[in-house]
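structure_10.txt (compact mmCIF, N, CA and C atoms)
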```txt
# COMPACT_ATOMS: atom_id res chain seq x y z
N GLN A 636 166.20 103.70 121.72
CA GLN A 636 164.84 104.03 121.29
C GLN A 636 163.89 103.83 122.47
N VAL A 637 163.09 104.86 122.72
CA VAL A 637 162.13 104.79 123.82
C VAL A 637 160.96 103.89 123.44
N ARG A 638 160.59 103.05 124.38
CA ARG A 638 159.42 102.20 124.15
C ARG A 638 158.64 102.05 125.45
N LEU A 639 157.33 102.18 125.34
CA LEU A 639 156.40 101.88 126.43
C LEU A 639 155.40 100.87 125.90
N GLY A 640 155.34 99.72 126.54
CA GLY A 640 154.45 98.66 126.08
C GLY A 640 153.47 98.23 127.14
N GLU A 641 152.20 98.56 126.90
CA GLU A 641 151.15 98.20 127.85
C GLU A 641 150.67 96.77 127.60
N SER A 642 150.24 96.12 128.67
CA SER A 642 149.66 94.78 128.58
C SER A 642 148.71 94.58 129.75
N GLY A 643 147.91 93.53 129.66
CA GLY A 643 147.01 93.18 130.75
C GLY A 643 145.56 93.54 130.55
N GLY A 644 145.28 94.22 129.44
CA GLY A 644 143.88 94.55 129.18
C GLY A 644 143.07 93.32 128.81
N GLY A 645 141.77 93.51 128.71
CA GLY A 645 140.91 92.40 128.33
C GLY A 645 139.46 92.72 128.57
N LEU A 646 138.63 91.67 128.44
CA LEU A 646 137.19 91.78 128.65
C LEU A 646 136.85 91.16 129.99
N VAL A 647 136.24 91.94 130.85
CA VAL A 647 135.86 91.46 132.18
C VAL A 647 134.43 91.91 132.47
N GLN A 648 133.90 91.37 133.56
CA GLN A 648 132.57 91.78 134.00
C GLN A 648 132.66 92.85 135.08
N ALA A 649 131.61 93.58 135.23
CA ALA A 649 131.54 94.60 136.28
C ALA A 649 131.84 93.95 137.63
N GLY A 650 132.67 94.63 138.41
CA GLY A 650 133.06 94.12 139.72
C GLY A 650 134.37 93.35 139.71
N ASP A 651 134.83 92.96 138.54
CA ASP A 651 136.08 92.21 138.43
C ASP A 651 137.28 93.14 138.58
N SER A 652 138.45 92.52 138.58
CA SER A 652 139.71 93.25 138.69
C SER A 652 140.61 92.93 137.51
N LEU A 653 141.49 93.88 137.20
CA LEU A 653 142.53 93.69 136.19
C LEU A 653 143.77 94.42 136.67
N ARG A 654 144.92 93.92 136.27
CA ARG A 654 146.15 94.65 136.51
C ARG A 654 146.83 94.93 135.17
N LEU A 655 146.98 96.19 134.88
CA LEU A 655 147.70 96.60 133.68
C LEU A 655 149.18 96.78 134.02
N SER A 656 150.01 96.46 133.05
CA SER A 656 151.45 96.67 133.17
C SER A 656 151.94 97.51 132.01
N CYS A 657 152.97 98.26 132.26
CA CYS A 657 153.60 99.04 131.20
C CYS A 657 155.10 98.87 131.35
N ALA A 658 155.70 98.19 130.41
CA ALA A 658 157.14 97.94 130.43
C ALA A 658 157.85 99.05 129.65
N ALA A 659 158.87 99.62 130.26
CA ALA A 659 159.56 100.75 129.66
C ALA A 659 160.99 100.39 129.29
N SER A 660 161.48 101.00 128.23
CA SER A 660 162.87 100.83 127.83
C SER A 660 163.31 102.04 127.04
N GLY A 661 164.63 102.22 126.95
CA GLY A 661 165.16 103.30 126.14
C GLY A 661 165.36 104.62 126.86
N PHE A 662 165.04 104.66 128.14
CA PHE A 662 165.27 105.86 128.94
C PHE A 662 165.46 105.42 130.40
N THR A 663 165.88 106.34 131.23
CA THR A 663 166.15 106.02 132.63
C THR A 663 164.84 106.03 133.41
N PHE A 664 164.17 104.91 133.38
CA PHE A 664 162.83 104.79 133.94
C PHE A 664 162.75 105.31 135.37
N SER A 665 163.73 104.97 136.17
CA SER A 665 163.67 105.29 137.60
C SER A 665 163.67 106.78 137.88
N SER A 666 163.98 107.61 136.88
CA SER A 666 163.99 109.05 137.08
C SER A 666 162.79 109.74 136.45
N TYR A 667 161.87 108.98 135.90
CA TYR A 667 160.71 109.54 135.20
C TYR A 667 159.44 109.33 136.00
N ARG A 668 158.62 110.38 136.09
CA ARG A 668 157.28 110.19 136.60
C ARG A 668 156.45 109.50 135.53
N MET A 669 155.52 108.70 135.97
CA MET A 669 154.72 107.87 135.07
C MET A 669 153.24 108.13 135.33
N ALA A 670 152.45 107.85 134.31
CA ALA A 670 151.01 108.07 134.45
C ALA A 670 150.24 107.11 133.56
N TRP A 671 149.00 106.93 133.91
CA TRP A 671 148.03 106.23 133.08
C TRP A 671 146.94 107.22 132.67
N PHE A 672 146.60 107.16 131.39
CA PHE A 672 145.48 107.89 130.85
C PHE A 672 144.57 106.88 130.16
N ARG A 673 143.37 107.30 129.85
CA ARG A 673 142.47 106.41 129.12
C ARG A 673 141.61 107.22 128.16
N GLN A 674 141.15 106.53 127.13
CA GLN A 674 140.27 107.16 126.15
C GLN A 674 139.13 106.20 125.82
N ALA A 675 137.93 106.62 126.17
CA ALA A 675 136.73 105.85 125.86
C ALA A 675 136.23 106.22 124.46
N PRO A 676 135.47 105.34 123.84
CA PRO A 676 134.96 105.64 122.50
C PRO A 676 134.18 106.95 122.47
N GLY A 677 134.54 107.81 121.53
CA GLY A 677 133.83 109.06 121.36
C GLY A 677 134.18 110.13 122.38
N LYS A 678 135.15 109.85 123.23
CA LYS A 678 135.52 110.82 124.27
C LYS A 678 137.00 111.19 124.14
N GLU A 679 137.35 112.28 124.79
CA GLU A 679 138.75 112.69 124.81
C GLU A 679 139.53 111.84 125.81
N ARG A 680 140.82 111.77 125.58
CA ARG A 680 141.66 111.05 126.52
C ARG A 680 141.69 111.79 127.85
N GLU A 681 141.64 111.01 128.94
CA GLU A 681 141.58 111.62 130.27
C GLU A 681 142.58 110.98 131.21
N PHE A 682 142.95 111.73 132.21
CA PHE A 682 143.88 111.30 133.23
C PHE A 682 143.26 110.22 134.11
N VAL A 683 144.06 109.24 134.49
CA VAL A 683 143.62 108.20 135.41
C VAL A 683 144.44 108.23 136.71
N ALA A 684 145.76 108.13 136.58
CA ALA A 684 146.61 108.07 137.76
C ALA A 684 148.03 108.43 137.39
N SER A 685 148.78 108.92 138.36
CA SER A 685 150.19 109.22 138.13
C SER A 685 151.00 108.88 139.38
N ILE A 686 152.30 108.67 139.16
CA ILE A 686 153.21 108.32 140.26
C ILE A 686 154.54 109.01 140.02
N SER A 687 155.11 109.51 141.08
CA SER A 687 156.38 110.21 140.95
C SER A 687 157.50 109.21 140.67
N TRP A 688 158.65 109.76 140.26
CA TRP A 688 159.78 108.90 139.91
C TRP A 688 160.24 108.09 141.12
N SER A 689 160.08 108.67 142.31
CA SER A 689 160.51 108.00 143.53
C SER A 689 159.43 107.12 144.14
N ALA A 690 158.25 107.17 143.56
CA ALA A 690 157.09 106.42 144.06
C ALA A 690 156.57 106.94 145.39
N THR A 691 157.01 108.11 145.81
CA THR A 691 156.55 108.67 147.08
C THR A 691 155.25 109.45 146.95
N SER A 692 154.88 109.82 145.72
CA SER A 692 153.66 110.58 145.50
C SER A 692 152.82 109.92 144.41
N THR A 693 151.52 109.92 144.62
CA THR A 693 150.58 109.44 143.62
C THR A 693 149.40 110.40 143.53
N ASP A 694 148.68 110.30 142.42
CA ASP A 694 147.50 111.12 142.22
C ASP A 694 146.52 110.31 141.40
N TYR A 695 145.24 110.52 141.65
CA TYR A 695 144.20 109.77 140.96
C TYR A 695 143.07 110.68 140.52
N ALA A 696 142.45 110.30 139.42
CA ALA A 696 141.21 110.95 139.03
C ALA A 696 140.14 110.59 140.05
N ALA A 697 139.23 111.49 140.26
CA ALA A 697 138.18 111.27 141.25
C ALA A 697 137.36 110.02 140.92
N SER A 698 137.21 109.75 139.64
CA SER A 698 136.37 108.63 139.21
C SER A 698 136.97 107.27 139.54
N VAL A 699 138.27 107.21 139.81
CA VAL A 699 138.92 105.92 140.08
C VAL A 699 139.50 105.83 141.49
N LYS A 700 139.51 106.93 142.19
CA LYS A 700 140.12 106.95 143.52
C LYS A 700 139.43 105.93 144.43
N GLY A 701 140.24 105.15 145.13
CA GLY A 701 139.70 104.11 145.99
C GLY A 701 139.50 102.78 145.30
N ARG A 702 139.54 102.77 143.98
CA ARG A 702 139.36 101.52 143.22
C ARG A 702 140.65 101.13 142.47
N PHE A 703 141.38 102.12 142.00
CA PHE A 703 142.60 101.88 141.22
C PHE A 703 143.82 102.24 142.06
N THR A 704 144.91 101.51 141.81
CA THR A 704 146.18 101.79 142.48
C THR A 704 147.31 101.75 141.47
N ILE A 705 148.07 102.83 141.42
CA ILE A 705 149.25 102.88 140.55
C ILE A 705 150.48 102.55 141.38
N SER A 706 151.39 101.79 140.81
CA SER A 706 152.63 101.46 141.50
C SER A 706 153.72 101.27 140.44
N ARG A 707 154.93 101.15 140.89
CA ARG A 707 156.04 100.98 139.95
C ARG A 707 157.12 100.10 140.57
N ASP A 708 157.85 99.44 139.70
CA ASP A 708 159.00 98.65 140.09
C ASP A 708 160.18 99.18 139.31
N ASN A 709 160.98 100.00 139.94
CA ASN A 709 162.08 100.64 139.23
C ASN A 709 163.19 99.65 138.88
N ALA A 710 163.23 98.53 139.55
CA ALA A 710 164.22 97.51 139.21
C ALA A 710 163.85 96.79 137.92
N LYS A 711 162.54 96.70 137.65
CA LYS A 711 162.06 96.00 136.45
C LYS A 711 161.61 96.94 135.35
N ASN A 712 161.63 98.24 135.61
CA ASN A 712 161.18 99.24 134.63
C ASN A 712 159.73 99.02 134.22
N ILE A 713 158.89 98.79 135.21
CA ILE A 713 157.48 98.55 134.95
C ILE A 713 156.63 99.43 135.86
N VAL A 714 155.58 99.97 135.30
CA VAL A 714 154.56 100.67 136.08
C VAL A 714 153.27 99.86 135.94
N TYR A 715 152.54 99.78 137.05
CA TYR A 715 151.32 98.98 137.10
C TYR A 715 150.11 99.85 137.37
N LEU A 716 148.97 99.34 136.98
CA LEU A 716 147.70 99.93 137.37
C LEU A 716 146.79 98.79 137.80
N GLN A 717 146.60 98.67 139.10
CA GLN A 717 145.68 97.68 139.64
C GLN A 717 144.29 98.28 139.64
N MET A 718 143.36 97.62 138.97
CA MET A 718 142.01 98.15 138.83
C MET A 718 141.04 97.16 139.47
N ASN A 719 140.40 97.60 140.51
CA ASN A 719 139.42 96.78 141.22
C ASN A 719 138.02 97.36 141.06
N SER A 720 137.03 96.54 141.34
CA SER A 720 135.63 96.98 141.27
C SER A 720 135.34 97.70 139.96
N LEU A 721 135.73 97.08 138.88
CA LEU A 721 135.58 97.72 137.57
C LEU A 721 134.13 97.95 137.23
N LYS A 722 133.90 99.05 136.52
CA LYS A 722 132.56 99.45 136.10
C LYS A 722 132.53 99.55 134.58
N PRO A 723 131.36 99.45 133.99
CA PRO A 723 131.27 99.61 132.52
C PRO A 723 131.86 100.94 132.04
N GLU A 724 131.75 101.96 132.85
CA GLU A 724 132.29 103.26 132.44
C GLU A 724 133.82 103.32 132.48
N ASP A 725 134.45 102.27 132.96
CA ASP A 725 135.91 102.18 132.89
C ASP A 725 136.38 101.66 131.53
N THR A 726 135.45 101.25 130.69
CA THR A 726 135.80 100.76 129.37
C THR A 726 136.52 101.84 128.57
N ALA A 727 137.71 101.52 128.11
CA ALA A 727 138.53 102.50 127.39
C ALA A 727 139.81 101.82 126.92
N VAL A 728 140.54 102.53 126.08
CA VAL A 728 141.93 102.17 125.81
C VAL A 728 142.79 102.89 126.85
N TYR A 729 143.64 102.12 127.52
CA TYR A 729 144.47 102.66 128.59
C TYR A 729 145.90 102.84 128.07
N TYR A 730 146.44 104.03 128.29
CA TYR A 730 147.78 104.38 127.84
C TYR A 730 148.68 104.70 129.04
N CYS A 731 149.91 104.27 128.96
CA CYS A 731 150.87 104.76 129.95
C CYS A 731 151.72 105.84 129.30
N ALA A 732 152.24 106.71 130.14
CA ALA A 732 153.01 107.85 129.67
C ALA A 732 154.14 108.13 130.65
N ALA A 733 155.22 108.73 130.12
CA ALA A 733 156.41 109.01 130.93
C ALA A 733 156.86 110.45 130.74
N ASP A 734 157.34 111.04 131.81
CA ASP A 734 157.85 112.40 131.76
C ASP A 734 159.01 112.53 132.73
N GLY A 735 160.07 113.21 132.29
CA GLY A 735 161.20 113.38 133.18
C GLY A 735 162.35 114.09 132.51
N PRO A 736 163.53 113.98 133.11
CA PRO A 736 163.79 113.27 134.36
C PRO A 736 163.64 114.16 135.59
N PHE A 737 163.35 113.51 136.71
CA PHE A 737 163.35 114.12 138.05
C PHE A 737 162.42 115.32 138.16
N LYS A 738 161.24 115.22 137.55
CA LYS A 738 160.24 116.25 137.77
C LYS A 738 159.76 116.16 139.22
N ARG A 739 159.49 117.31 139.81
CA ARG A 739 159.27 117.33 141.25
C ARG A 739 157.92 116.81 141.70
N ARG A 740 156.91 116.93 140.83
CA ARG A 740 155.58 116.55 141.28
C ARG A 740 154.94 115.58 140.30
N VAL A 741 153.91 114.91 140.73
CA VAL A 741 153.10 114.14 139.81
C VAL A 741 152.28 115.12 138.98
N SER A 742 151.79 114.66 137.86
CA SER A 742 151.04 115.54 136.98
C SER A 742 149.90 114.79 136.32
N ASN A 743 148.80 115.49 136.15
CA ASN A 743 147.64 114.94 135.44
C ASN A 743 147.45 115.62 134.08
N ILE A 744 148.48 116.33 133.62
CA ILE A 744 148.39 117.10 132.38
C ILE A 744 149.05 116.33 131.25
N GLN A 745 148.28 115.98 130.26
CA GLN A 745 148.77 115.14 129.18
C GLN A 745 149.96 115.76 128.44
N ASN A 746 149.89 117.04 128.21
CA ASN A 746 150.92 117.69 127.40
C ASN A 746 152.29 117.69 128.07
N GLU A 747 152.32 117.39 129.35
CA GLU A 747 153.60 117.37 130.06
C GLU A 747 154.34 116.06 129.87
N TYR A 748 153.69 115.06 129.31
CA TYR A 748 154.31 113.74 129.18
C TYR A 748 154.97 113.59 127.82
N ASP A 749 156.22 113.15 127.86
CA ASP A 749 157.04 113.08 126.65
C ASP A 749 156.78 111.82 125.83
N TYR A 750 156.60 110.70 126.53
CA TYR A 750 156.54 109.41 125.85
C TYR A 750 155.22 108.72 126.15
N TRP A 751 154.71 108.03 125.13
CA TRP A 751 153.42 107.36 125.24
C TRP A 751 153.51 105.96 124.67
N GLY A 752 152.72 105.07 125.28
CA GLY A 752 152.58 103.74 124.73
C GLY A 752 151.46 103.69 123.71
N GLN A 753 151.25 102.49 123.16
CA GLN A 753 150.23 102.30 122.12
C GLN A 753 148.86 102.01 122.70
N GLY A 754 148.81 101.66 123.96
CA GLY A 754 147.53 101.44 124.62
C GLY A 754 147.12 99.98 124.69
N THR A 755 146.27 99.69 125.66
CA THR A 755 145.69 98.36 125.81
C THR A 755 144.21 98.52 126.10
N GLN A 756 143.39 97.70 125.46
CA GLN A 756 141.94 97.83 125.57
C GLN A 756 141.44 97.15 126.84
N VAL A 757 140.61 97.88 127.57
CA VAL A 757 139.89 97.32 128.72
C VAL A 757 138.40 97.47 128.44
N THR A 758 137.69 96.37 128.48
CA THR A 758 136.26 96.38 128.26
C THR A 758 135.58 95.74 129.46
N VAL A 759 134.64 96.48 130.05
CA VAL A 759 133.92 95.99 131.23
C VAL A 759 132.46 95.85 130.86
N SER A 760 131.97 94.64 130.93
CA SER A 760 130.56 94.39 130.59
C SER A 760 129.71 94.46 131.85
N SER A 761 128.48 94.85 131.66
CA SER A 761 127.56 95.00 132.81
C SER A 761 126.82 93.70 133.12
```
Encoding of this model in structure tokens:
Amino acid sequence: QVRLGESGGGLVQAGDSLRLSCAASGFTFSSYRMAWFRQAPGKEREFVASISWSATSTDYAASVKGRFTISRDNAKNIVYLQMNSLKPEDTAVYYCAADGPFKRRVSNIQNEYDYWGQGTQVTVSS
């Protein structure tokens, strides 16, 4: 059974940092590209970051580029999202997603991802 479990969310102040984790099981994690999406209240879910199965390629939304870093540990089946210099507009539920196996490129398209986690809440106060 496929499972993606996000953790690490919480309430922080503007300028703080958080690291989200997404633990994967039930599929061959090391062959799947991974991504983070987020959904703010009253808004559609949007792309945040993605990483290829080999970790050689990454992509970021313009709004987070330079502040967020996606990484993965294929030995532990975990994908991370390091979030620095958080802003109130980063407040959202953050979801990790998986797509594979062995897709050639990173993707920011939600419909291309097969598996989704339940999400973790990140709230940034001003």
Inset, instruction - Would you work out the distance separating atom N of Ala696 of chain A from atom C of Ile744 of chain A, expressed in Å to one decimal? - result: 12.1 Å
Inset, instruction - Within chain A, find each residue whose DSSP state, derived from the backbone, is helix (DSSP H, G or I), and express the selection as a list of chain:residue names. - result: A:Phe664, A:Ser665, A:Ser666, A:Pro723, A:Glu724, A:Asp725, A:Gln745, A:Asn746, A:Glu747
Legend entry - Who sits within 5 Å of Asn719 of chain A, all atoms listed in the file, same chain under 3 positions skipped, as number ranges by chain: A: 651-652, 702-703
Legend entry - Atomic distance atom C of Ser706 of chain A - atom CA of Thr755 of chain A, expressed in Å with one decimal: 16.9 Å
From a DSSP pass on the backbone, collect the residues of chain A flagged as strand (DSSP E) and hand them back as a compact mmCIF listing (two decimals) with N, CA and C atoms, in the coordinates of the input.
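Heads up, here's the output in states_29.txt:
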```txt
# COMPACT_ATOMS: atom_id res chain seq x y z
N ARG A 638 160.59 103.05 124.38
CA ARG A 638 159.42 102.20 124.15
C ARG A 638 158.64 102.05 125.45
N LEU A 639 157.33 102.18 125.34
CA LEU A 639 156.40 101.88 126.43
C LEU A 639 155.40 100.87 125.90
N GLY A 640 155.34 99.72 126.54
CA GLY A 640 154.45 98.66 126.08
C GLY A 640 153.47 98.23 127.14
N GLU A 641 152.20 98.56 126.90
CA GLU A 641 151.15 98.20 127.85
C GLU A 641 150.67 96.77 127.60
N SER A 642 150.24 96.12 128.67
CA SER A 642 149.66 94.78 128.58
C SER A 642 148.71 94.58 129.75
N GLY A 645 141.77 93.51 128.71
CA GLY A 645 140.91 92.40 128.33
C GLY A 645 139.46 92.72 128.57
N LEU A 646 138.63 91.67 128.44
CA LEU A 646 137.19 91.78 128.65
C LEU A 646 136.85 91.16 129.99
N VAL A 647 136.24 91.94 130.85
CA VAL A 647 135.86 91.46 132.18
C VAL A 647 134.43 91.91 132.47
N GLN A 648 133.90 91.37 133.56
CA GLN A 648 132.57 91.78 134.00
C GLN A 648 132.66 92.85 135.08
N LEU A 653 141.49 93.88 137.20
CA LEU A 653 142.53 93.69 136.19
C LEU A 653 143.77 94.42 136.67
N ARG A 654 144.92 93.92 136.27
CA ARG A 654 146.15 94.65 136.51
C ARG A 654 146.83 94.93 135.17
N LEU A 655 146.98 96.19 134.88
CA LEU A 655 147.70 96.60 133.68
C LEU A 655 149.18 96.78 134.02
N SER A 656 150.01 96.46 133.05
CA SER A 656 151.45 96.67 133.17
C SER A 656 151.94 97.51 132.01
N CYS A 657 152.97 98.26 132.26
CA CYS A 657 153.60 99.04 131.20
C CYS A 657 155.10 98.87 131.35
N ALA A 658 155.70 98.19 130.41
CA ALA A 658 157.14 97.94 130.43
C ALA A 658 157.85 99.05 129.65
N ALA A 659 158.87 99.62 130.26
CA ALA A 659 159.56 100.75 129.66
C ALA A 659 160.99 100.39 129.29
N SER A 660 161.48 101.00 128.23
CA SER A 660 162.87 100.83 127.83
C SER A 660 163.31 102.04 127.04
N ARG A 668 158.62 110.38 136.09
CA ARG A 668 157.28 110.19 136.60
C ARG A 668 156.45 109.50 135.53
N MET A 669 155.52 108.70 135.97
CA MET A 669 154.72 107.87 135.07
C MET A 669 153.24 108.13 135.33
N ALA A 670 152.45 107.85 134.31
CA ALA A 670 151.01 108.07 134.45
C ALA A 670 150.24 107.11 133.56
N TRP A 671 149.00 106.93 133.91
CA TRP A 671 148.03 106.23 133.08
C TRP A 671 146.94 107.22 132.67
N PHE A 672 146.60 107.16 131.39
CA PHE A 672 145.48 107.89 130.85
C PHE A 672 144.57 106.88 130.16
N ARG A 673 143.37 107.30 129.85
CA ARG A 673 142.47 106.41 129.12
C ARG A 673 141.61 107.22 128.16
N GLN A 674 141.15 106.53 127.13
CA GLN A 674 140.27 107.16 126.15
C GLN A 674 139.13 106.20 125.82
N GLU A 681 141.64 111.01 128.94
CA GLU A 681 141.58 111.62 130.27
C GLU A 681 142.58 110.98 131.21
N PHE A 682 142.95 111.73 132.21
CA PHE A 682 143.88 111.30 133.23
C PHE A 682 143.26 110.22 134.11
N VAL A 683 144.06 109.24 134.49
CA VAL A 683 143.62 108.20 135.41
C VAL A 683 144.44 108.23 136.71
N ALA A 684 145.76 108.13 136.58
CA ALA A 684 146.61 108.07 137.76
C ALA A 684 148.03 108.43 137.39
N SER A 685 148.78 108.92 138.36
CA SER A 685 150.19 109.22 138.13
C SER A 685 151.00 108.88 139.38
N ILE A 686 152.30 108.67 139.16
CA ILE A 686 153.21 108.32 140.26
C ILE A 686 154.54 109.01 140.02
N THR A 693 151.52 109.92 144.62
CA THR A 693 150.58 109.44 143.62
C THR A 693 149.40 110.40 143.53
N ASP A 694 148.68 110.30 142.42
CA ASP A 694 147.50 111.12 142.22
C ASP A 694 146.52 110.31 141.40
N TYR A 695 145.24 110.52 141.65
CA TYR A 695 144.20 109.77 140.96
C TYR A 695 143.07 110.68 140.52
N PHE A 703 141.38 102.12 142.00
CA PHE A 703 142.60 101.88 141.22
C PHE A 703 143.82 102.24 142.06
N THR A 704 144.91 101.51 141.81
CA THR A 704 146.18 101.79 142.48
C THR A 704 147.31 101.75 141.47
N ILE A 705 148.07 102.83 141.42
CA ILE A 705 149.25 102.88 140.55
C ILE A 705 150.48 102.55 141.38
N SER A 706 151.39 101.79 140.81
CA SER A 706 152.63 101.46 141.50
C SER A 706 153.72 101.27 140.44
N ARG A 707 154.93 101.15 140.89
CA ARG A 707 156.04 100.98 139.95
C ARG A 707 157.12 100.10 140.57
N ASP A 708 157.85 99.44 139.70
CA ASP A 708 159.00 98.65 140.09
C ASP A 708 160.18 99.18 139.31
N ILE A 713 158.89 98.79 135.21
CA ILE A 713 157.48 98.55 134.95
C ILE A 713 156.63 99.43 135.86
N VAL A 714 155.58 99.97 135.30
CA VAL A 714 154.56 100.67 136.08
C VAL A 714 153.27 99.86 135.94
N TYR A 715 152.54 99.78 137.05
CA TYR A 715 151.32 98.98 137.10
C TYR A 715 150.11 99.85 137.37
N LEU A 716 148.97 99.34 136.98
CA LEU A 716 147.70 99.93 137.37
C LEU A 716 146.79 98.79 137.80
N GLN A 717 146.60 98.67 139.10
CA GLN A 717 145.68 97.68 139.64
C GLN A 717 144.29 98.28 139.64
N MET A 718 143.36 97.62 138.97
CA MET A 718 142.01 98.15 138.83
C MET A 718 141.04 97.16 139.47
N ALA A 727 137.71 101.52 128.11
CA ALA A 727 138.53 102.50 127.39
C ALA A 727 139.81 101.82 126.92
N VAL A 728 140.54 102.53 126.08
CA VAL A 728 141.93 102.17 125.81
C VAL A 728 142.79 102.89 126.85
N TYR A 729 143.64 102.12 127.52
CA TYR A 729 144.47 102.66 128.59
C TYR A 729 145.90 102.84 128.07
N TYR A 730 146.44 104.03 128.29
CA TYR A 730 147.78 104.38 127.84
C TYR A 730 148.68 104.70 129.04
N CYS A 731 149.91 104.27 128.96
CA CYS A 731 150.87 104.76 129.95
C CYS A 731 151.72 105.84 129.30
N ALA A 732 152.24 106.71 130.14
CA ALA A 732 153.01 107.85 129.67
C ALA A 732 154.14 108.13 130.65
N ALA A 733 155.22 108.73 130.12
CA ALA A 733 156.41 109.01 130.93
C ALA A 733 156.86 110.45 130.74
N ASP A 734 157.34 111.04 131.81
CA ASP A 734 157.85 112.40 131.76
C ASP A 734 159.01 112.53 132.73
N TYR A 750 156.60 110.70 126.53
CA TYR A 750 156.54 109.41 125.85
C TYR A 750 155.22 108.72 126.15
N TRP A 751 154.71 108.03 125.13
CA TRP A 751 153.42 107.36 125.24
C TRP A 751 153.51 105.96 124.67
N THR A 755 146.27 99.69 125.66
CA THR A 755 145.69 98.36 125.81
C THR A 755 144.21 98.52 126.10
N GLN A 756 143.39 97.70 125.46
CA GLN A 756 141.94 97.83 125.57
C GLN A 756 141.44 97.15 126.84
N VAL A 757 140.61 97.88 127.57
CA VAL A 757 139.89 97.32 128.72
C VAL A 757 138.40 97.47 128.44
N THR A 758 137.69 96.37 128.48
CA THR A 758 136.26 96.38 128.26
C THR A 758 135.58 95.74 129.46
N VAL A 759 134.64 96.48 130.05
CA VAL A 759 133.92 95.99 131.23
C VAL A 759 132.46 95.85 130.86
N SER A 760 131.97 94.64 130.93
CA SER A 760 130.56 94.39 130.59
C SER A 760 129.71 94.46 131.85
```
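Proximity of A:Tyr715, A:Arg740, A:Gln636, A:Gly752 to Ser656 of chain A, computed with all atoms listed in the file, is greatest for A:Tyr715.
The shortest atom-to-atom distance to Val757 of chain A, with only N, CA and C atoms taken into account, belongs to A:Val647 out of A:Val647, A:Val714, A:Leu639, A:Ala732.
For the residues A:Phe664, A:Phe672, A:Phe737, A:Tyr748, ranking by smallest atom-to-atom distance to Ile705 of chain A using only C-alpha atoms places A:Phe672 first.
Across A:Asn712, A:Ser761, A:Ser698, A:Thr704, the tightest approach to Gly650 of chain A is made by A:Ser761 when counting only N, CA and C atoms.
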Inset, instruction - Enter the distance from atom C of Val728 of chain A to atom N of Phe682 of chain A, in Å, rounded to one decimal. - result: 10.3 Å
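Shortest separation to Ser642 of chain A among A:Gly754, A:Gln674, A:Lys722, A:Tyr667 occurs at residue A:Gly754, atoms counted being all atoms listed in the file.
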Expected file for segment 650-654 of chain A keeping all heavy atoms, as a CSV table (one decimal), in the first residue's frame:
```csv
chain,number,residue,atom,x,y,z
A,650,GLY,N,10.0,35.2,8.7
A,650,GLY,CA,11.5,35.2,8.8
A,650,GLY,C,12.0,33.9,9.4
A,650,GLY,O,13.2,33.7,9.2
A,651,ASP,N,11.2,33.1,10.0
A,651,ASP,CA,11.7,31.8,10.6
A,651,ASP,C,11.8,30.8,9.5
A,651,ASP,O,11.5,31.0,8.3
A,651,ASP,CB,10.7,31.3,11.6
A,651,ASP,CG,10.7,32.1,12.9
A,651,ASP,OD1,11.6,32.9,13.1
A,651,ASP,OD2,9.8,31.9,13.7
A,652,SER,N,12.3,29.6,9.9
A,652,SER,CA,12.5,28.5,9.0
A,652,SER,C,11.8,27.3,9.5
A,652,SER,O,11.5,27.1,10.7
A,652,SER,CB,14.0,28.2,8.9
A,652,SER,OG,14.8,29.2,8.4
A,653,LEU,N,11.5,26.4,8.6
A,653,LEU,CA,10.9,25.1,8.9
A,653,LEU,C,11.4,24.1,7.9
A,653,LEU,O,11.7,24.5,6.7
A,653,LEU,CB,9.3,25.1,8.7
A,653,LEU,CG,8.5,25.6,9.9
A,653,LEU,CD1,7.0,25.6,9.5
A,653,LEU,CD2,8.7,24.7,11.1
A,654,ARG,N,11.5,22.8,8.3
A,654,ARG,CA,11.8,21.8,7.4
A,654,ARG,C,10.7,20.8,7.4
A,654,ARG,O,10.4,20.2,8.4
A,654,ARG,CB,13.1,21.1,7.7
A,654,ARG,CG,13.6,20.1,6.6
A,654,ARG,CD,14.9,19.5,6.8
A,654,ARG,NE,14.9,18.4,7.8
A,654,ARG,CZ,15.8,17.4,7.9
A,654,ARG,NH1,16.8,17.4,7.1
A,654,ARG,NH2,15.7,16.5,8.8
```
